[in-house]
$ cat structure_9.cif   # mmCIF, N, CA and C atoms
data_upload
#
loop_
_atom_site.label_atom_id
_atom_site.label_comp_id
_atom_site.auth_asym_id
_atom_site.auth_seq_id
_atom_site.Cartn_x
_atom_site.Cartn_y
_atom_site.Cartn_z
N MET A 1 -0.50 -2.43 14.28
CA MET A 1 -0.60 -1.74 13.01
C MET A 1 -0.36 -0.24 13.18
N LYS A 2 -0.84 0.30 14.31
CA LYS A 2 -0.63 1.73 14.56
C LYS A 2 0.86 2.05 14.69
N GLU A 3 1.57 1.16 15.36
CA GLU A 3 3.01 1.39 15.55
C GLU A 3 3.74 1.40 14.21
N PHE A 4 3.34 0.46 13.34
CA PHE A 4 3.98 0.39 12.02
C PHE A 4 3.71 1.66 11.22
N ALA A 5 2.46 2.12 11.24
CA ALA A 5 2.09 3.32 10.50
C ALA A 5 2.83 4.54 11.05
N ALA A 6 2.93 4.63 12.36
CA ALA A 6 3.64 5.75 12.98
C ALA A 6 5.13 5.71 12.63
N GLU A 7 5.69 4.53 12.65
CA GLU A 7 7.11 4.39 12.32
C GLU A 7 7.37 4.70 10.84
N LEU A 8 6.48 4.24 9.98
CA LEU A 8 6.62 4.54 8.55
C LEU A 8 6.51 6.04 8.30
N TRP A 9 5.54 6.68 8.94
CA TRP A 9 5.37 8.13 8.77
C TRP A 9 6.60 8.87 9.30
N GLY A 10 7.14 8.44 10.43
CA GLY A 10 8.35 9.06 10.97
C GLY A 10 9.53 8.91 10.02
N PHE A 11 9.66 7.74 9.42
CA PHE A 11 10.73 7.51 8.45
C PHE A 11 10.58 8.43 7.24
N LEU A 12 9.36 8.48 6.69
CA LEU A 12 9.13 9.32 5.51
C LEU A 12 9.38 10.79 5.81
N ARG A 13 8.96 11.24 6.98
CA ARG A 13 9.11 12.64 7.34
C ARG A 13 10.57 12.99 7.60
N GLU A 14 11.28 12.12 8.30
CA GLU A 14 12.67 12.40 8.66
C GLU A 14 13.59 12.37 7.44
N ARG A 15 13.35 11.42 6.55
CA ARG A 15 14.23 11.26 5.39
C ARG A 15 13.75 12.05 4.17
N LYS A 16 12.64 12.78 4.30
CA LYS A 16 12.06 13.57 3.20
C LYS A 16 11.75 12.69 1.98
N LYS A 17 11.14 11.55 2.24
CA LYS A 17 10.79 10.60 1.18
C LYS A 17 9.27 10.56 0.98
N PHE A 18 8.66 11.74 0.89
CA PHE A 18 7.21 11.80 0.76
C PHE A 18 6.72 11.21 -0.56
N TRP A 19 7.58 11.08 -1.53
CA TRP A 19 7.19 10.50 -2.81
C TRP A 19 6.88 9.00 -2.67
N LEU A 20 7.32 8.38 -1.59
CA LEU A 20 7.02 6.96 -1.37
C LEU A 20 5.59 6.73 -0.89
N LEU A 21 4.99 7.74 -0.28
CA LEU A 21 3.65 7.58 0.29
C LEU A 21 2.60 7.16 -0.73
N PRO A 22 2.52 7.78 -1.92
CA PRO A 22 1.52 7.31 -2.90
C PRO A 22 1.75 5.86 -3.33
N MET A 23 3.00 5.45 -3.45
CA MET A 23 3.28 4.07 -3.83
C MET A 23 2.85 3.10 -2.74
N VAL A 24 3.12 3.43 -1.49
CA VAL A 24 2.72 2.57 -0.38
C VAL A 24 1.21 2.46 -0.31
N LEU A 25 0.50 3.58 -0.46
CA LEU A 25 -0.96 3.56 -0.41
C LEU A 25 -1.54 2.78 -1.58
N PHE A 26 -0.95 2.91 -2.76
CA PHE A 26 -1.42 2.16 -3.93
C PHE A 26 -1.25 0.66 -3.72
N LEU A 27 -0.11 0.25 -3.20
CA LEU A 27 0.14 -1.17 -2.96
C LEU A 27 -0.79 -1.72 -1.88
N LEU A 28 -1.05 -0.94 -0.84
CA LEU A 28 -1.98 -1.38 0.19
C LEU A 28 -3.39 -1.52 -0.39
N GLY A 29 -3.80 -0.57 -1.21
CA GLY A 29 -5.12 -0.65 -1.84
C GLY A 29 -5.24 -1.83 -2.78
N LEU A 30 -4.21 -2.08 -3.55
CA LEU A 30 -4.21 -3.20 -4.48
C LEU A 30 -4.26 -4.53 -3.72
N GLY A 31 -3.50 -4.62 -2.65
CA GLY A 31 -3.53 -5.82 -1.82
C GLY A 31 -4.89 -6.05 -1.20
N ALA A 32 -5.51 -4.98 -0.72
CA ALA A 32 -6.85 -5.09 -0.14
C ALA A 32 -7.86 -5.52 -1.19
N LEU A 33 -7.74 -5.00 -2.41
CA LEU A 33 -8.64 -5.37 -3.49
C LEU A 33 -8.53 -6.86 -3.80
N VAL A 34 -7.32 -7.37 -3.87
CA VAL A 34 -7.12 -8.79 -4.17
C VAL A 34 -7.68 -9.66 -3.04
N VAL A 35 -7.44 -9.27 -1.80
CA VAL A 35 -7.93 -10.06 -0.67
C VAL A 35 -9.46 -10.04 -0.60
N MET A 36 -10.06 -8.88 -0.83
CA MET A 36 -11.51 -8.75 -0.71
C MET A 36 -12.26 -9.46 -1.84
N THR A 37 -11.67 -9.56 -3.02
CA THR A 37 -12.35 -10.18 -4.14
C THR A 37 -11.93 -11.64 -4.34
N GLU A 38 -11.22 -12.19 -3.40
CA GLU A 38 -10.68 -13.54 -3.53
C GLU A 38 -11.77 -14.59 -3.77
N GLY A 39 -12.87 -14.51 -3.06
CA GLY A 39 -13.88 -15.53 -3.18
C GLY A 39 -15.10 -15.08 -3.98
N SER A 40 -15.01 -14.00 -4.69
CA SER A 40 -16.19 -13.50 -5.40
C SER A 40 -16.10 -13.79 -6.89
N ALA A 41 -17.14 -13.39 -7.60
CA ALA A 41 -17.19 -13.60 -9.04
C ALA A 41 -16.28 -12.64 -9.79
N ILE A 42 -15.80 -11.61 -9.11
CA ILE A 42 -14.92 -10.62 -9.76
C ILE A 42 -13.48 -11.13 -9.82
N ALA A 43 -13.14 -12.11 -9.00
CA ALA A 43 -11.76 -12.59 -8.88
C ALA A 43 -11.11 -12.94 -10.22
N PRO A 44 -11.77 -13.66 -11.14
CA PRO A 44 -11.08 -13.98 -12.40
C PRO A 44 -10.70 -12.73 -13.21
N PHE A 45 -11.50 -11.68 -13.10
CA PHE A 45 -11.18 -10.45 -13.83
C PHE A 45 -10.02 -9.71 -13.19
N ILE A 46 -9.92 -9.75 -11.86
CA ILE A 46 -8.81 -9.12 -11.17
C ILE A 46 -7.50 -9.85 -11.48
N TYR A 47 -7.53 -11.18 -11.45
CA TYR A 47 -6.32 -11.95 -11.66
C TYR A 47 -5.81 -11.87 -13.10
N THR A 48 -6.65 -11.55 -14.05
CA THR A 48 -6.18 -11.40 -15.42
C THR A 48 -5.35 -10.15 -15.59
N LEU A 49 -5.45 -9.21 -14.66
CA LEU A 49 -4.63 -8.00 -14.71
C LEU A 49 -3.16 -8.30 -14.44
N PHE A 50 -2.92 -9.41 -13.74
CA PHE A 50 -1.55 -9.74 -13.37
C PHE A 50 -1.05 -10.83 -14.25
#

$ encode --input "structure_9.cif" --output "structure tokens"
Amino acid sequence: MKEFAAELWGFLRERKKFWLLPMVLFLLGLGALVVMTEGSAIAPFIYTLF
């Protein structure tokens, strides 16, 4: 995972694509939210968003 993060950061820095960083962080957070609430009582409310 560290290698991937380092490579992603190198890509963003070299290509001056810093505007992608908030989108990547948002998608990672959203994915983590879905995975963490998968077996809980909150899951039906999360899935109605999609």

$ atom_distance --input "structure_9.cif" --atom1 "atom CA of Glu7 of chain A" --atom2 "atom N of Leu33 of chain A"
22.9 Å

$ select_by_dssp --input "structure_9.cif" --residues "chain A" --states "alpha helix (DSSP H)" --output "JSON, numbers by chain"
{"A": [2, 3, 4, 5, 6, 7, 8, 9, 10, 11, 12, 13, 14, 15, 20, 21, 22, 23, 24, 25, 26, 27, 28, 29, 30, 31, 32, 33, 34, 35, 36, 43, 44, 45, 46, 47]}

$ write_last_selection --input "structure_9.cif" --atoms "N, CA and C atoms" --output "short mmCIF file (atom, residue, chain, number, x, y, z; two decimals), in the coordinates of the input"
data_model
loop_
_atom_site.label_atom_id
_atom_site.label_comp_id
_atom_site.auth_asym_id
_atom_site.auth_seq_id
_atom_site.Cartn_x
_atom_site.Cartn_y
_atom_site.Cartn_z
N LYS A 2 -0.84 0.30 14.31
CA LYS A 2 -0.63 1.73 14.56
C LYS A 2 0.86 2.05 14.69
N GLU A 3 1.57 1.16 15.36
CA GLU A 3 3.01 1.39 15.55
C GLU A 3 3.74 1.40 14.21
N PHE A 4 3.34 0.46 13.34
CA PHE A 4 3.98 0.39 12.02
C PHE A 4 3.71 1.66 11.22
N ALA A 5 2.46 2.12 11.24
CA ALA A 5 2.09 3.32 10.50
C ALA A 5 2.83 4.54 11.05
N ALA A 6 2.93 4.63 12.36
CA ALA A 6 3.64 5.75 12.98
C ALA A 6 5.13 5.71 12.63
N GLU A 7 5.69 4.53 12.65
CA GLU A 7 7.11 4.39 12.32
C GLU A 7 7.37 4.70 10.84
N LEU A 8 6.48 4.24 9.98
CA LEU A 8 6.62 4.54 8.55
C LEU A 8 6.51 6.04 8.30
N TRP A 9 5.54 6.68 8.94
CA TRP A 9 5.37 8.13 8.77
C TRP A 9 6.60 8.87 9.30
N GLY A 10 7.14 8.44 10.43
CA GLY A 10 8.35 9.06 10.97
C GLY A 10 9.53 8.91 10.02
N PHE A 11 9.66 7.74 9.42
CA PHE A 11 10.73 7.51 8.45
C PHE A 11 10.58 8.43 7.24
N LEU A 12 9.36 8.48 6.69
CA LEU A 12 9.13 9.32 5.51
C LEU A 12 9.38 10.79 5.81
N ARG A 13 8.96 11.24 6.98
CA ARG A 13 9.11 12.64 7.34
C ARG A 13 10.57 12.99 7.60
N GLU A 14 11.28 12.12 8.30
CA GLU A 14 12.67 12.40 8.66
C GLU A 14 13.59 12.37 7.44
N ARG A 15 13.35 11.42 6.55
CA ARG A 15 14.23 11.26 5.39
C ARG A 15 13.75 12.05 4.17
N LEU A 20 7.32 8.38 -1.59
CA LEU A 20 7.02 6.96 -1.37
C LEU A 20 5.59 6.73 -0.89
N LEU A 21 4.99 7.74 -0.28
CA LEU A 21 3.65 7.58 0.29
C LEU A 21 2.60 7.16 -0.73
N PRO A 22 2.52 7.78 -1.92
CA PRO A 22 1.52 7.31 -2.90
C PRO A 22 1.75 5.86 -3.33
N MET A 23 3.00 5.45 -3.45
CA MET A 23 3.28 4.07 -3.83
C MET A 23 2.85 3.10 -2.74
N VAL A 24 3.12 3.43 -1.49
CA VAL A 24 2.72 2.57 -0.38
C VAL A 24 1.21 2.46 -0.31
N LEU A 25 0.50 3.58 -0.46
CA LEU A 25 -0.96 3.56 -0.41
C LEU A 25 -1.54 2.78 -1.58
N PHE A 26 -0.95 2.91 -2.76
CA PHE A 26 -1.42 2.16 -3.93
C PHE A 26 -1.25 0.66 -3.72
N LEU A 27 -0.11 0.25 -3.20
CA LEU A 27 0.14 -1.17 -2.96
C LEU A 27 -0.79 -1.72 -1.88
N LEU A 28 -1.05 -0.94 -0.84
CA LEU A 28 -1.98 -1.38 0.19
C LEU A 28 -3.39 -1.52 -0.39
N GLY A 29 -3.80 -0.57 -1.21
CA GLY A 29 -5.12 -0.65 -1.84
C GLY A 29 -5.24 -1.83 -2.78
N LEU A 30 -4.21 -2.08 -3.55
CA LEU A 30 -4.21 -3.20 -4.48
C LEU A 30 -4.26 -4.53 -3.72
N GLY A 31 -3.50 -4.62 -2.65
CA GLY A 31 -3.53 -5.82 -1.82
C GLY A 31 -4.89 -6.05 -1.20
N ALA A 32 -5.51 -4.98 -0.72
CA ALA A 32 -6.85 -5.09 -0.14
C ALA A 32 -7.86 -5.52 -1.19
N LEU A 33 -7.74 -5.00 -2.41
CA LEU A 33 -8.64 -5.37 -3.49
C LEU A 33 -8.53 -6.86 -3.80
N VAL A 34 -7.32 -7.37 -3.87
CA VAL A 34 -7.12 -8.79 -4.17
C VAL A 34 -7.68 -9.66 -3.04
N VAL A 35 -7.44 -9.27 -1.80
CA VAL A 35 -7.93 -10.06 -0.67
C VAL A 35 -9.46 -10.04 -0.60
N MET A 36 -10.06 -8.88 -0.83
CA MET A 36 -11.51 -8.75 -0.71
C MET A 36 -12.26 -9.46 -1.84
N ALA A 43 -13.14 -12.11 -9.00
CA ALA A 43 -11.76 -12.59 -8.88
C ALA A 43 -11.11 -12.94 -10.22
N PRO A 44 -11.77 -13.66 -11.14
CA PRO A 44 -11.08 -13.98 -12.40
C PRO A 44 -10.70 -12.73 -13.21
N PHE A 45 -11.50 -11.68 -13.10
CA PHE A 45 -11.18 -10.45 -13.83
C PHE A 45 -10.02 -9.71 -13.19
N ILE A 46 -9.92 -9.75 -11.86
CA ILE A 46 -8.81 -9.12 -11.17
C ILE A 46 -7.50 -9.85 -11.48
N TYR A 47 -7.53 -11.18 -11.45
CA TYR A 47 -6.32 -11.95 -11.66
C TYR A 47 -5.81 -11.87 -13.10
#

$ atom_distance --input "structure_9.cif" --atom1 "atom CA of Leu25 of chain A" --atom2 "atom CA of Leu12 of chain A"
13.0 Å

$ residues_around --input "structure_9.cif" --residues "Ile46 of chain A" --least-positions-apart "3" --cutoff "8 Å" --atoms "only C-alpha atoms" --output "MDAnalysis selection string"
chainID A and resid 34 37 42:43 49:50

$ atom_distance --input "structure_9.cif" --atom1 "atom C of Met36 of chain A" --atom2 "atom CA of Leu21 of chain A"
23.4 Å

$ decode --input "structure_9.cif" --residues "segment 14-29 of chain A" --atoms "N, CA, C and O atoms" --output "PDB file, in the first residue's frame"
ATOM      1  N   GLU A  14       4.413  15.089 -10.395  1.00  0.00           N
ATOM      2  CA  GLU A  14       5.129  15.252 -11.663  1.00  0.00           C
ATOM      3  C   GLU A  14       4.235  15.842 -12.756  1.00  0.00           C
ATOM      4  O   GLU A  14       4.665  16.673 -13.544  1.00  0.00           O
ATOM      5  N   ARG A  15       2.988  15.399 -12.785  1.00  0.00           N
ATOM      6  CA  ARG A  15       2.080  15.844 -13.843  1.00  0.00           C
ATOM      7  C   ARG A  15       1.265  17.079 -13.452  1.00  0.00           C
ATOM      8  O   ARG A  15       0.419  17.511 -14.201  1.00  0.00           O
ATOM      9  N   LYS A  16       1.482  17.601 -12.240  1.00  0.00           N
ATOM     10  CA  LYS A  16       0.763  18.781 -11.727  1.00  0.00           C
ATOM     11  C   LYS A  16      -0.751  18.553 -11.735  1.00  0.00           C
ATOM     12  O   LYS A  16      -1.529  19.384 -12.159  1.00  0.00           O
ATOM     13  N   LYS A  17      -1.159  17.389 -11.255  1.00  0.00           N
ATOM     14  CA  LYS A  17      -2.574  17.024 -11.213  1.00  0.00           C
ATOM     15  C   LYS A  17      -3.070  16.998  -9.761  1.00  0.00           C
ATOM     16  O   LYS A  17      -3.730  16.072  -9.330  1.00  0.00           O
ATOM     17  N   PHE A  18      -2.746  18.041  -9.009  1.00  0.00           N
ATOM     18  CA  PHE A  18      -3.122  18.084  -7.603  1.00  0.00           C
ATOM     19  C   PHE A  18      -4.630  18.138  -7.409  1.00  0.00           C
ATOM     20  O   PHE A  18      -5.127  17.794  -6.344  1.00  0.00           O
ATOM     21  N   TRP A  19      -5.369  18.526  -8.412  1.00  0.00           N
ATOM     22  CA  TRP A  19      -6.826  18.584  -8.304  1.00  0.00           C
ATOM     23  C   TRP A  19      -7.426  17.176  -8.196  1.00  0.00           C
ATOM     24  O   TRP A  19      -8.575  17.030  -7.783  1.00  0.00           O
ATOM     25  N   LEU A  20      -6.669  16.145  -8.547  1.00  0.00           N
ATOM     26  CA  LEU A  20      -7.168  14.770  -8.419  1.00  0.00           C
ATOM     27  C   LEU A  20      -7.139  14.269  -6.974  1.00  0.00           C
ATOM     28  O   LEU A  20      -7.884  13.362  -6.629  1.00  0.00           O
ATOM     29  N   LEU A  21      -6.278  14.848  -6.152  1.00  0.00           N
ATOM     30  CA  LEU A  21      -6.117  14.366  -4.778  1.00  0.00           C
ATOM     31  C   LEU A  21      -7.405  14.417  -3.970  1.00  0.00           C
ATOM     32  O   LEU A  21      -7.750  13.424  -3.318  1.00  0.00           O
ATOM     33  N   PRO A  22      -8.185  15.512  -3.979  1.00  0.00           N
ATOM     34  CA  PRO A  22      -9.445  15.487  -3.217  1.00  0.00           C
ATOM     35  C   PRO A  22     -10.422  14.422  -3.709  1.00  0.00           C
ATOM     36  O   PRO A  22     -11.122  13.802  -2.897  1.00  0.00           O
ATOM     37  N   MET A  23     -10.456  14.183  -5.009  1.00  0.00           N
ATOM     38  CA  MET A  23     -11.353  13.154  -5.537  1.00  0.00           C
ATOM     39  C   MET A  23     -10.919  11.766  -5.085  1.00  0.00           C
ATOM     40  O   MET A  23     -11.758  10.942  -4.708  1.00  0.00           O
ATOM     41  N   VAL A  24      -9.628  11.490  -5.110  1.00  0.00           N
ATOM     42  CA  VAL A  24      -9.118  10.193  -4.678  1.00  0.00           C
ATOM     43  C   VAL A  24      -9.408   9.984  -3.198  1.00  0.00           C
ATOM     44  O   VAL A  24      -9.871   8.911  -2.789  1.00  0.00           O
ATOM     45  N   LEU A  25      -9.176  11.004  -2.376  1.00  0.00           N
ATOM     46  CA  LEU A  25      -9.436  10.889  -0.937  1.00  0.00           C
ATOM     47  C   LEU A  25     -10.920  10.704  -0.658  1.00  0.00           C
ATOM     48  O   LEU A  25     -11.301   9.918   0.222  1.00  0.00           O
ATOM     49  N   PHE A  26     -11.772  11.397  -1.399  1.00  0.00           N
ATOM     50  CA  PHE A  26     -13.218  11.254  -1.220  1.00  0.00           C
ATOM     51  C   PHE A  26     -13.668   9.837  -1.563  1.00  0.00           C
ATOM     52  O   PHE A  26     -14.447   9.223  -0.827  1.00  0.00           O
ATOM     53  N   LEU A  27     -13.169   9.297  -2.661  1.00  0.00           N
ATOM     54  CA  LEU A  27     -13.549   7.941  -3.061  1.00  0.00           C
ATOM     55  C   LEU A  27     -13.034   6.903  -2.068  1.00  0.00           C
ATOM     56  O   LEU A  27     -13.738   5.923  -1.773  1.00  0.00           O
ATOM     57  N   LEU A  28     -11.831   7.100  -1.550  1.00  0.00           N
ATOM     58  CA  LEU A  28     -11.313   6.180  -0.540  1.00  0.00           C
ATOM     59  C   LEU A  28     -12.158   6.242   0.735  1.00  0.00           C
ATOM     60  O   LEU A  28     -12.474   5.214   1.332  1.00  0.00           O
ATOM     61  N   GLY A  29     -12.540   7.444   1.140  1.00  0.00           N
ATOM     62  CA  GLY A  29     -13.382   7.589   2.329  1.00  0.00           C
ATOM     63  C   GLY A  29     -14.752   6.977   2.134  1.00  0.00           C
ATOM     64  O   GLY A  29     -15.280   6.317   3.030  1.00  0.00           O
TER      65      GLY A  29
END
